[in-house]
Each structure stands twice: as C-alpha cells, then as structure tokens.
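First up is the structure itself, then whatever we jot down about it.
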Amino acid sequence: MPDLSSAEGLGFSAPTIHRWIRPVVHAVSDAVPFLIRLSIGLALVYAATIAYGAAAGYALPTTTIFFLLPRSELITRLEVILPRAILLVAILGASLGWLAKWGLVDASRLRRNELSSTRLLRRWGLFLLCAAFVLALSDKGWSGNINTTYELNYFSLAGVIPNSDAANYFLSPLEQALTGSWDPVASHRPLAAAMRDLTMALTGFSYVGTLLLQAVLISAALFVAARNIVLWRGLWAGLAFCAFIYILARPFLAAVLTEPLGLIWALLSIALLVEAMRLKATRYALLALVTLTLAEVTRMGSVFTIPALVLWVAFAFASTLRDRIRLFALGSGLVVLVLSIQKLCASLYGHPTTVTGGNFAYTLCGLALGRDWTSCPQMFAHDFSRFAAEREQVAFLYSKAAEMIINNPQIIMTKMLDNIYNFGRQMPKFMLFGYYSQGSLHQELGFFALISGLHFAIYRTYLHRELVFWIVMFSSMALSASIIFADDGWRVMYATWPLVALFLSLGFASPATLAFPARRFRPSLSWRGATLLIAVVAAMIVLTPSVTRLSRGAELARVPNLDKQKNDEHAVLVGRTLTGFIVIPDDVARPKTVPSLHAGDFARLIRDTGIERDFGQFLEITMKQVPFAFVTAARVNDPKNQPEQLYVAPVEILTEPPARAWRVTIGNRMHNKSIRDVIAVQRLP
C-alpha cells in the first residue's frame, strides 16, 4: 500500500508539486493574519462611526455607518455571508495543515502564521465578535432595511417593536413590578422571565438597550468558548465554531425571546465542557452540567440531553462503580438544584394560573394524533372550551393523550420515527444556513462535515471519553427530537445546537495543531472563578424581580395619578418602555434623530409578518395617516390588561423629548382592539 503520509506515497513527484503549489499555499497562509488585521481595522472604523453617531444625536448610533456610506446596502449583503466566509477561512487553514502533514508545504511557516493569527484573535477577538453581532443587529430594521428572507421580523417589528411572545417577555417585568407577577406567557418559563428582568433592569427597561446588551453577552460567552476550543483543537476549529454560532444566533439577535438567553448559558457550558475534556477535570464537567441545565431550563427543548450528560459525567470521570454512583448522585443533585431555582422563581413571580412546563401537554397530545401542538385544542374544541383554568386544560390534554396512545400506539410511534428522520436529514442544512434554511447546498456536504467531526472525535479521543460523549449526546438529541421536533424543533431544541456546532468544528482541526499535548495549557478560567460567576448571576436572576418591584413598583404605581382626566378612552404609557418608529412617505429622507421606515417598507413588513391575521385589518387605514408613529409601551393604568400592545400615534410621541409617561387618547378611526388608534398624545411630568 502507498504511504499516505507523504507526497510520494500519493503518487506525486515532490519537487514538481513543491514548485507550483508552495507559492500558492504560502500566499494563502500569509493572507490569514492580513485578513484578521483588516477585520480589526474595519471594526475600529465601525466603532468610530458609532461614537460619532452618539455625539451627533443619532437615535440609533450603531446605524450611523448606513447614513454615511452611499452604498450601505453592500454592508448588509456582506454581513449576511460573513459566517460562511469565516467557514471558508477555517477550511483553507485546516487544509493547509493536511498539506503540511503530507510534506507538500513548509509546516514551520504555516505554524508561524497560525500562532500570529491566534495572538491577534486572543487580543481582539472579543472586540471583533461584539462589532459583528452589533452590526448584525443594526443592519436590519434599525437601518431601515426590511429583509423578508433572512430576518425573523414577526417577533421584532423592524427590530424595535417586540411582538407576540417577545412582547409578553418585554412587558412582563413592568407588570411584575406593578402587580407582583408576570403575565401567563412569560410565567411558563420562569427562569427565562427572571433573566429577562435582569437584562432589562440593567438597561433601564430600554428595548434597544436590552438588545444591545444581549448581543454583547452572547459575544462574550462565544469568545470564552471559542478561546477554549482554540486551546483544545486549534485556531481553525475555533473559527469554525464562531461561524456556526453566528449562523445560529443571527435570526434571534433582534428579539427578546428565550432563545438568546438560552444561547448564553449554552456557550458557557461549551467553554466548561471543553475544559473538562482538555484537562480531564471532573469539576469542569459538573459546571458544564449546571450551565447546560440552565440553558435547557431557560429555553426548554431537548428533554433527554441533561439526563444523558449526567450519565456521561459519571461514566467518563470515574473508574469504579462506587465512584460512578457517587458522581451520578452529585450530578443529579446539581440538576435538581437548578430546577429548584426555577421553581423558586415561579413561586415568587409566576402568574398564579400558569403551570410551568404545561406547554408539554399540548405537544404530547398533538404527537398522539400524529400532528403538532395546535391539533388537540382544535379537535376537542367543545370539551376544551369548558375549562377556564390552565391546570384543568393541561390535565384534560394529558388524559386525551394517554387515551389515544393506549387505543392506537402506532400513530405516535410513526410520528416519532418521522421526527427523528427529519431531525437527522435536515440538520446539516440548518447548521449551514440557520433558522431560515434558505441555502441550496446539497445535504451530502453537511453529511461529510459530520463524518469529518466524527473522525476527529475518534482520532483524538482519550480513554474513549469524547467518543462516548458524542454517542450519548446525539442519541439523547434524537430521542428528544422524536417527541418535540414537529413543534418547530429548530427553535425548541435551540439550546442544544451549540453542541452540534462544537462537534462540527472538530472537523476543521489541523493535524499540526493536534500534535501539541492538551495539558501544556493552564485553565483559561479557574473552576472556583466559574463557580462564583454562575452563583452570582443565578442570585441576581432570582433577586432582580424583587428588587425591581421594591425600587420601581411604588414609583410606577403613582404614574397613573399624573393623568387628571381619567376615562376609558385614555391610556398611560411608561416613558422608558416606549419603543417604535415613525412611518414616513417614500420620497422623504429618513431622519437621523428617530427610528423610521418608509411607508412602502412598512407595508411590506406588515404583509410579510402576517400580523393582520392575528390582530385584524389595519394596514389600509394606517397608510392614509402617513406620517405616523408605530409604537408599543407598558401600560400602567391597567397593568393586568396588556393586549393593547401596539399603537398608531402622532409622530410627536417619538420626536419630542423623552417623558416620564405619556397620556394617549384612543380614537375610533380603526375598529381594532389590539392595534389602537391614538388621536392625541400628552407628555406627563
């Protein structure tokens, strides 16, 4: 058999190959540090435009660059392809490593360039990630670009108005401060609602500020995870991981849903998991278990992954039966501790009628029908309507599910197998193109990426620890998908996708990098520091709603008293929660001092999101009122009745200086109970 470790073994003449391939390879290798320096320079320019915009009074300083450049749409197009460009660099870098292994190029030169690139990213990586994520957040509706192909517009209208479930999470912190409990939708995920309370409190309940903080937190967590991956499997694996996470995160950056919050915890879990594997350290494995449990509780989804991780920790980090039982008990206790934190949040701040995790009854009943979660309430509408309390509805759905499964188990088994098939078949496309899956790349390429990752998991496994981990993880994900995948599984399993991204990134590891022993590097974060960080953040999450109620509740309760003309036609809105944009004629330049959309873009946004199906017809009437402001805010004179989430108001509500509160007068030009027609606004002192 030929020697595959050399050029001659492959049937090539080494001098001939060296003569034509070396210059090309060296040019590609030398280009990587240059590209990183170029990226740093561009990020610095972008940061300078943000500083200028803040000084010049731009409403959204992060969009200043789109006003300054004549062809700003090119920035949006380049940003969309950025993660796949990073993947291409990772592919080229890993390929050069293989060429060096086969003796076709100078390995020392490649290594020097890789070390130079690693040093640059160690110093500037966090800054580059923050710039990229803030740009991705800003080149959507904030800059007036309404993209109906790549944006999740429904949950964040133009990136400045939360809608649907996102609106519930946005309004709930103020509702809790006034009434002592979140609304029912937010109460279904107590830990996520409490964490959203924390992010909003840190930004003064500003929607835009909350989104910016969210982007920075994701960037920081990704930087920590990627840095550890670089220490473990090299630069190219770390770059590939960043690209996959960018693809996953981008659709949800502009929304206050639970997905971004779960992603933060999941990335921290990846950072700790990598340290556990790299250093063979049990403490890091247990911390990874805690953070992944926090991620799954924040964005509930892959229900079997946490038990699987408990089993893996017990198996991989203990050698005797007694030690494995002890470690299993310890891991189970940590999971129970996290669940207890969620239970505490639900008891302190949850809506009294809400059943935490009650949504699963809809999923199971729909699965028993061979359909999705919406099916049972429709099929059993007559019986379902008799139950007013959610506990009764949940009990009814569970009973119906049990009845159908006993009578005909074949239906649920067929649906579960179908879910597993769709999960495996569509995963490569999802990981390469994200939630929208608009790409046309063949599924086979994603399959080869999986095989590549598996190769490195086996090739560099230590005591089969990694190999067992991937078998356990993918098995648990497939089993979870069998139950929940039909209910928009790409979102439901969101907190677990970073594990798949980690697996795929292994396929980009360079053989030259893998030759270095993992233990030569010290931990990037001490386990004591990580434990303290997790404990402090968890305590802040639990306590923030109480602090908000004590510090802001009384003040907010006094705001309605500022309205001297109280009647049913008036609403009093909290000024700091006011968010939205003005709609202007298409032939008028967009102002810099207030978020805005042209009328044509607004009409396209409304039609694309389909919110008229939810709220009723209003677009035709509002288009006759251009210019107008389209806004939302927390209402304090009726805090338990927040369905009136969207208001069509005079532009003064956004163009005048910020107010403590706004008194709005409801008109009757639109007969719509969800999108209210505001005919007059008044600033309250």
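Following the order of the structure tokens, first chain is A, next is B, and so on, with residues numbered from 1 inside each chain and ligands from 1 in the order they appear.
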Run DSSP on the backbone and tell me which residues of range 583-642 of chain A come out as strand (DSSP E or B); list them as a PyMOL selection string. chain A and resi 583-584+596-598+628-632+635
For the selection you just gave me, I'd like the residues written to a file as a CSV table (one decimal), in the first residue's frame, keeping C-alpha atoms.
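out_10.csv, freshly written:
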```
chain,number,residue,atom,x,y,z
A,583,VAL,CA,-43.6,55.8,9.1
A,584,ILE,CA,-42.7,58.4,6.5
A,596,SER,CA,-38.1,55.4,10.9
A,597,LEU,CA,-39.3,53.3,8.0
A,598,HIS,CA,-40.6,54.4,4.6
A,628,PHE,CA,-47.4,58.4,12.0
A,629,ALA,CA,-45.7,56.6,14.8
A,630,PHE,CA,-46.0,52.9,15.3
A,631,VAL,CA,-45.1,52.1,18.9
A,632,THR,CA,-45.6,49.9,22.0
A,635,ARG,CA,-49.5,50.5,30.2
```
Non-local contacts of Asp372 in chain A (10 Å; only C-alpha atoms; under 3 positions in same chain excluded) as a PyMOL selection string:
chain A and resi 362-369+375-376+415+484-488
Of A:Met195, A:Leu235, A:Ile483, A:Val536, the one nearest to Arg119 in chain A when counting only C-alpha atoms is A:Leu235
Check which residues of range 516-613 of chain A sit at most 7 Å from range 659-676 of chain A using only C-alpha atoms, and return one row each with the closest pair of atoms and their distance in Å to one decimal, ordered by chain and rising number, as JSON lines.
```
{"residue": "A:Asp563", "atom": "CA", "partner": "A:Arg663", "partner_atom": "CA", "distance": 6.9}
{"residue": "A:Glu569", "atom": "CA", "partner": "A:Ile666", "partner_atom": "CA", "distance": 5.2}
{"residue": "A:His570", "atom": "CA", "partner": "A:Thr665", "partner_atom": "CA", "distance": 4.7}
{"residue": "A:Ala571", "atom": "CA", "partner": "A:Val664", "partner_atom": "CA", "distance": 5.3}
{"residue": "A:Val572", "atom": "CA", "partner": "A:Arg663", "partner_atom": "CA", "distance": 4.6}
{"residue": "A:Leu573", "atom": "CA", "partner": "A:Trp662", "partner_atom": "CA", "distance": 5.1}
{"residue": "A:Val574", "atom": "CA", "partner": "A:Ala661", "partner_atom": "CA", "distance": 4.7}
{"residue": "A:Gly575", "atom": "CA", "partner": "A:Ala661", "partner_atom": "CA", "distance": 4.4}
{"residue": "A:Arg576", "atom": "CA", "partner": "A:Arg660", "partner_atom": "CA", "distance": 6.9}
```
Output for the residues just chosen: C-alpha atoms as a tab-separated table (two decimals), in the first residue's frame:
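That gives us result22.tsv:
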```tsv
chain	number	residue	atom	x	y	z
A	563	ASP	CA	-53.45	61.74	34.49
A	569	GLU	CA	-60.50	56.44	26.25
A	570	HIS	CA	-57.13	57.22	27.83
A	571	ALA	CA	-54.07	55.05	28.37
A	572	VAL	CA	-51.00	55.98	30.39
A	573	LEU	CA	-47.76	54.53	28.98
A	574	VAL	CA	-44.43	54.24	30.79
A	575	GLY	CA	-41.97	56.52	29.01
A	576	ARG	CA	-38.85	54.41	29.49
```
Check: Counting only C-alpha atoms, what is within 9 Å of Val303 in chain A, bar same-chain residues fewer than 2 positions away, as a PyMOL selection string?
Finding: chain A and resi 296+300-301+305-307+476-477+479-481+484+493
Save out the residues we just selected, C-alpha atoms, as an mmCIF file, in the first residue's frame.
```cif
data_model
loop_
_atom_site.group_PDB
_atom_site.id
_atom_site.type_symbol
_atom_site.label_atom_id
_atom_site.label_comp_id
_atom_site.auth_asym_id
_atom_site.auth_seq_id
_atom_site.Cartn_x
_atom_site.Cartn_y
_atom_site.Cartn_z
ATOM 1 C CA GLU A 296 -32.268 23.944 28.772
ATOM 2 C CA MET A 300 -36.822 24.187 27.230
ATOM 3 C CA GLY A 301 -36.303 21.689 24.452
ATOM 4 C CA THR A 305 -29.914 15.697 26.960
ATOM 5 C CA ILE A 306 -29.466 16.641 30.626
ATOM 6 C CA PRO A 307 -30.036 13.077 31.955
ATOM 7 C CA SER A 476 -30.327 11.992 23.524
ATOM 8 C CA MET A 477 -30.999 14.682 20.913
ATOM 9 C CA LEU A 479 -34.740 10.787 21.315
ATOM 10 C CA SER A 480 -35.814 14.292 22.293
ATOM 11 C CA ALA A 481 -36.499 15.187 18.672
ATOM 12 C CA ILE A 484 -40.808 17.664 20.168
ATOM 13 C CA MET A 493 -34.004 22.500 20.580
#
```
Fill in: Shell around Phe396 in chain A at 12 Å using only C-alpha atoms, local window under 3 positions removed, as number ranges by chain
A: 358, 361-362, 364-365, 376-377, 380-381, 383-393, 399-403
Take the selection from the previous step and output its residues with N, CA and C atoms, as a short mmCIF file (atom, residue, chain, number, x, y, z; two decimals), in the first residue's frame.
```
data_model
loop_
_atom_site.label_atom_id
_atom_site.label_comp_id
_atom_site.auth_asym_id
_atom_site.auth_seq_id
_atom_site.Cartn_x
_atom_site.Cartn_y
_atom_site.Cartn_z
N GLY A 358 -46.41 23.48 31.32
CA GLY A 358 -47.71 22.98 30.88
C GLY A 358 -47.82 22.87 29.38
N ALA A 361 -48.06 19.41 27.54
CA ALA A 361 -49.30 18.67 27.37
C ALA A 361 -49.84 18.84 25.95
N TYR A 362 -49.71 20.05 25.39
CA TYR A 362 -50.13 20.29 24.02
C TYR A 362 -49.28 19.47 23.05
N LEU A 364 -47.54 16.62 23.64
CA LEU A 364 -47.78 15.19 23.76
C LEU A 364 -49.12 14.80 23.13
N CYS A 365 -50.14 15.62 23.36
CA CYS A 365 -51.45 15.32 22.79
C CYS A 365 -51.40 15.40 21.27
N CYS A 376 -54.82 19.31 19.21
CA CYS A 376 -55.80 18.85 20.19
C CYS A 376 -56.82 19.93 20.58
N PRO A 377 -56.41 21.18 20.87
CA PRO A 377 -57.42 22.20 21.17
C PRO A 377 -58.42 22.40 20.04
N PHE A 380 -60.66 18.90 19.88
CA PHE A 380 -61.54 18.74 21.04
C PHE A 380 -62.01 20.11 21.53
N ALA A 381 -62.31 20.99 20.59
CA ALA A 381 -62.64 22.38 20.93
C ALA A 381 -63.83 22.47 21.88
N ASP A 383 -65.00 20.28 24.19
CA ASP A 383 -64.63 19.90 25.56
C ASP A 383 -63.59 20.85 26.13
N PHE A 384 -62.65 21.26 25.30
CA PHE A 384 -61.56 22.11 25.76
C PHE A 384 -62.07 23.46 26.25
N SER A 385 -63.10 23.97 25.58
CA SER A 385 -63.63 25.30 25.94
C SER A 385 -64.31 25.30 27.30
N ARG A 386 -64.63 24.14 27.84
CA ARG A 386 -65.31 24.08 29.14
C ARG A 386 -64.36 24.37 30.30
N PHE A 387 -63.04 24.32 30.03
CA PHE A 387 -62.07 24.51 31.10
C PHE A 387 -61.49 25.92 31.01
N ALA A 388 -61.68 26.69 32.05
CA ALA A 388 -61.16 28.06 32.07
C ALA A 388 -59.74 28.11 32.62
N ALA A 389 -59.45 27.27 33.63
CA ALA A 389 -58.14 27.29 34.27
C ALA A 389 -57.14 26.46 33.46
N GLU A 390 -55.89 26.92 33.42
CA GLU A 390 -54.87 26.21 32.65
C GLU A 390 -54.60 24.83 33.23
N ARG A 391 -54.65 24.68 34.54
CA ARG A 391 -54.40 23.37 35.15
C ARG A 391 -55.42 22.35 34.65
N GLU A 392 -56.66 22.77 34.51
CA GLU A 392 -57.69 21.87 34.01
C GLU A 392 -57.45 21.54 32.54
N GLN A 393 -57.03 22.52 31.76
CA GLN A 393 -56.74 22.29 30.35
C GLN A 393 -55.59 21.31 30.18
N SER A 399 -54.89 13.57 29.66
CA SER A 399 -55.80 12.42 29.67
C SER A 399 -56.15 11.99 28.24
N LYS A 400 -56.37 12.96 27.36
CA LYS A 400 -56.66 12.63 25.97
C LYS A 400 -55.46 11.96 25.30
N ALA A 401 -54.26 12.46 25.60
CA ALA A 401 -53.05 11.87 25.03
C ALA A 401 -52.91 10.42 25.47
N ALA A 402 -53.09 10.18 26.77
CA ALA A 402 -52.98 8.81 27.28
C ALA A 402 -54.02 7.90 26.63
N GLU A 403 -55.23 8.40 26.48
CA GLU A 403 -56.30 7.61 25.88
C GLU A 403 -55.97 7.23 24.44
#
```
Give me, as number ranges by chain, all polymer residues having an atom no more than 10 Å from range 57-69 of chain A, counting only C-alpha atoms and skipping those fewer than 3 positions away in the same chain. A: 45-54, 72-76, 131, 134-135, 137-145, 208, 212, 590-596
Keeping N, CA and C atoms, export the residues of the selection given above as an mmCIF file, in the first residue's frame.
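Heads up, here's the output in again_26.cif:
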```cif
data_model
loop_
_atom_site.group_PDB
_atom_site.id
_atom_site.type_symbol
_atom_site.label_atom_id
_atom_site.label_comp_id
_atom_site.auth_asym_id
_atom_site.auth_seq_id
_atom_site.Cartn_x
_atom_site.Cartn_y
_atom_site.Cartn_z
ATOM 1 N N VAL A 45 -13.145 51.167 12.513
ATOM 2 C CA VAL A 45 -13.866 52.199 11.752
ATOM 3 C C VAL A 45 -15.345 52.194 12.137
ATOM 4 N N TYR A 46 -15.924 50.998 12.240
ATOM 5 C CA TYR A 46 -17.338 50.894 12.633
ATOM 6 C C TYR A 46 -17.551 51.460 14.030
ATOM 7 N N ALA A 47 -16.636 51.149 14.956
ATOM 8 C CA ALA A 47 -16.739 51.698 16.312
ATOM 9 C C ALA A 47 -16.654 53.218 16.293
ATOM 10 N N ALA A 48 -15.797 53.763 15.409
ATOM 11 C CA ALA A 48 -15.668 55.221 15.300
ATOM 12 C C ALA A 48 -16.974 55.850 14.808
ATOM 13 N N THR A 49 -17.657 55.186 13.871
ATOM 14 C CA THR A 49 -18.937 55.720 13.391
ATOM 15 C C THR A 49 -19.991 55.688 14.485
ATOM 16 N N ILE A 50 -19.939 54.674 15.348
ATOM 17 C CA ILE A 50 -20.881 54.612 16.474
ATOM 18 C C ILE A 50 -20.631 55.776 17.426
ATOM 19 N N ALA A 51 -19.359 56.038 17.721
ATOM 20 C CA ALA A 51 -19.020 57.161 18.602
ATOM 21 C C ALA A 51 -19.467 58.485 17.987
ATOM 22 N N TYR A 52 -19.246 58.627 16.685
ATOM 23 C CA TYR A 52 -19.676 59.855 16.015
ATOM 24 C C TYR A 52 -21.201 59.990 16.065
ATOM 25 N N GLY A 53 -21.905 58.892 15.808
ATOM 26 C CA GLY A 53 -23.363 58.931 15.830
ATOM 27 C C GLY A 53 -23.914 59.300 17.193
ATOM 28 N N ALA A 54 -23.287 58.772 18.258
ATOM 29 C CA ALA A 54 -23.728 59.113 19.611
ATOM 30 C C ALA A 54 -23.521 60.600 19.885
ATOM 31 N N SER A 72 -24.726 51.688 1.285
ATOM 32 C CA SER A 72 -24.707 50.976 2.567
ATOM 33 C C SER A 72 -25.324 49.587 2.474
ATOM 34 N N GLU A 73 -26.165 49.338 1.442
ATOM 35 C CA GLU A 73 -26.767 48.009 1.333
ATOM 36 C C GLU A 73 -25.717 46.928 1.115
ATOM 37 N N LEU A 74 -24.530 47.321 0.624
ATOM 38 C CA LEU A 74 -23.454 46.348 0.445
ATOM 39 C C LEU A 74 -22.992 45.795 1.789
ATOM 40 N N ILE A 75 -23.037 46.631 2.823
ATOM 41 C CA ILE A 75 -22.650 46.166 4.158
ATOM 42 C C ILE A 75 -23.575 45.054 4.608
ATOM 43 N N THR A 76 -24.869 45.230 4.380
ATOM 44 C CA THR A 76 -25.841 44.210 4.761
ATOM 45 C C THR A 76 -25.585 42.906 4.019
ATOM 46 N N ALA A 131 -18.400 43.675 17.572
ATOM 47 C CA ALA A 131 -18.667 44.500 16.397
ATOM 48 C C ALA A 131 -19.537 43.751 15.391
ATOM 49 N N VAL A 134 -23.198 43.339 16.862
ATOM 50 C CA VAL A 134 -23.895 44.627 16.887
ATOM 51 C C VAL A 134 -24.239 45.064 15.467
ATOM 52 N N LEU A 135 -23.339 44.827 14.512
ATOM 53 C CA LEU A 135 -23.633 45.144 13.119
ATOM 54 C C LEU A 135 -24.788 44.287 12.606
ATOM 55 N N LEU A 137 -27.171 43.089 14.330
ATOM 56 C CA LEU A 137 -28.375 43.611 14.962
ATOM 57 C C LEU A 137 -28.837 44.902 14.292
ATOM 58 N N SER A 138 -27.884 45.710 13.826
ATOM 59 C CA SER A 138 -28.195 47.056 13.343
ATOM 60 C C SER A 138 -28.543 47.116 11.865
ATOM 61 N N ASP A 139 -28.109 46.138 11.073
ATOM 62 C CA ASP A 139 -28.349 46.252 9.631
ATOM 63 C C ASP A 139 -29.706 45.711 9.220
ATOM 64 N N LYS A 140 -30.554 45.456 10.217
ATOM 65 C CA LYS A 140 -31.923 45.026 9.923
ATOM 66 C C LYS A 140 -32.832 46.256 9.917
ATOM 67 N N GLY A 141 -33.916 46.181 10.647
ATOM 68 C CA GLY A 141 -34.866 47.281 10.675
ATOM 69 C C GLY A 141 -34.305 48.555 11.249
ATOM 70 N N TRP A 142 -33.286 48.459 12.122
ATOM 71 C CA TRP A 142 -32.701 49.670 12.693
ATOM 72 C C TRP A 142 -32.182 50.596 11.607
ATOM 73 N N SER A 143 -31.624 50.040 10.548
ATOM 74 C CA SER A 143 -31.078 50.853 9.462
ATOM 75 C C SER A 143 -32.084 51.058 8.334
ATOM 76 N N GLY A 144 -33.335 50.612 8.567
ATOM 77 C CA GLY A 144 -34.362 50.769 7.550
ATOM 78 C C GLY A 144 -34.378 49.689 6.502
ATOM 79 N N ASN A 145 -33.587 48.621 6.691
ATOM 80 C CA ASN A 145 -33.529 47.516 5.729
ATOM 81 C C ASN A 145 -34.477 46.407 6.169
ATOM 82 N N VAL A 208 -34.147 48.806 22.996
ATOM 83 C CA VAL A 208 -32.922 48.845 22.198
ATOM 84 C C VAL A 208 -31.711 48.525 23.067
ATOM 85 N N LEU A 212 -28.951 45.401 22.666
ATOM 86 C CA LEU A 212 -27.511 45.617 22.584
ATOM 87 C C LEU A 212 -26.775 44.842 23.671
ATOM 88 N N ARG A 590 -34.915 59.556 5.367
ATOM 89 C CA ARG A 590 -35.073 59.071 6.730
ATOM 90 C C ARG A 590 -34.339 59.995 7.701
ATOM 91 N N PRO A 591 -35.007 60.408 8.779
ATOM 92 C CA PRO A 591 -34.344 61.265 9.776
ATOM 93 C C PRO A 591 -33.332 60.480 10.593
ATOM 94 N N LYS A 592 -32.366 61.195 11.167
ATOM 95 C CA LYS A 592 -31.323 60.555 11.948
ATOM 96 C C LYS A 592 -31.653 60.492 13.433
ATOM 97 N N THR A 593 -32.556 61.365 13.872
ATOM 98 C CA THR A 593 -32.801 61.503 15.307
ATOM 99 C C THR A 593 -33.931 60.641 15.828
ATOM 100 N N VAL A 594 -34.563 59.847 14.968
ATOM 101 C CA VAL A 594 -35.654 58.978 15.403
ATOM 102 C C VAL A 594 -35.694 57.766 14.468
ATOM 103 N N PRO A 595 -35.921 56.553 14.989
ATOM 104 C CA PRO A 595 -36.047 55.381 14.115
ATOM 105 C C PRO A 595 -37.209 55.572 13.140
ATOM 106 N N SER A 596 -37.029 55.130 11.899
ATOM 107 C CA SER A 596 -38.064 55.374 10.896
ATOM 108 C C SER A 596 -38.043 54.294 9.828
#
```
Report as a Markdown table the residues of range 297-369 of chain A within 12 Å of range 271-276 of chain A, each with its shortest atom pair and distance in Å (one decimal), using only C-alpha atoms, ordered by chain and increasing residue number.
```
| residue | atom | partner | partner_atom | distance |
| --- | --- | --- | --- | --- |
| A:Leu309 | CA | A:Leu273 | CA | 10.5 |
| A:Trp312 | CA | A:Leu273 | CA | 11.7 |
| A:Val313 | CA | A:Ala276 | CA | 9.8 |
| A:Ala316 | CA | A:Ala276 | CA | 10.4 |
| A:Phe317 | CA | A:Ala276 | CA | 9.4 |
```
| said: When you look at Gly97 in chain A with a cut-off of 8 Å (counting only C-alpha atoms), what residues show up, excluding the ones that are within fewer than 5 positions of it in the same chain? I need them as number ranges by chain. | reply: A: 107, 110, 510-512
Worksheet item: How would you write, as a PyMOL selection string, the set of residues in range 606-649 of chain A that DSSP gives as helix (DSSP H, G or I)?
Response: chain A and resi 606-609+611-615+619-623
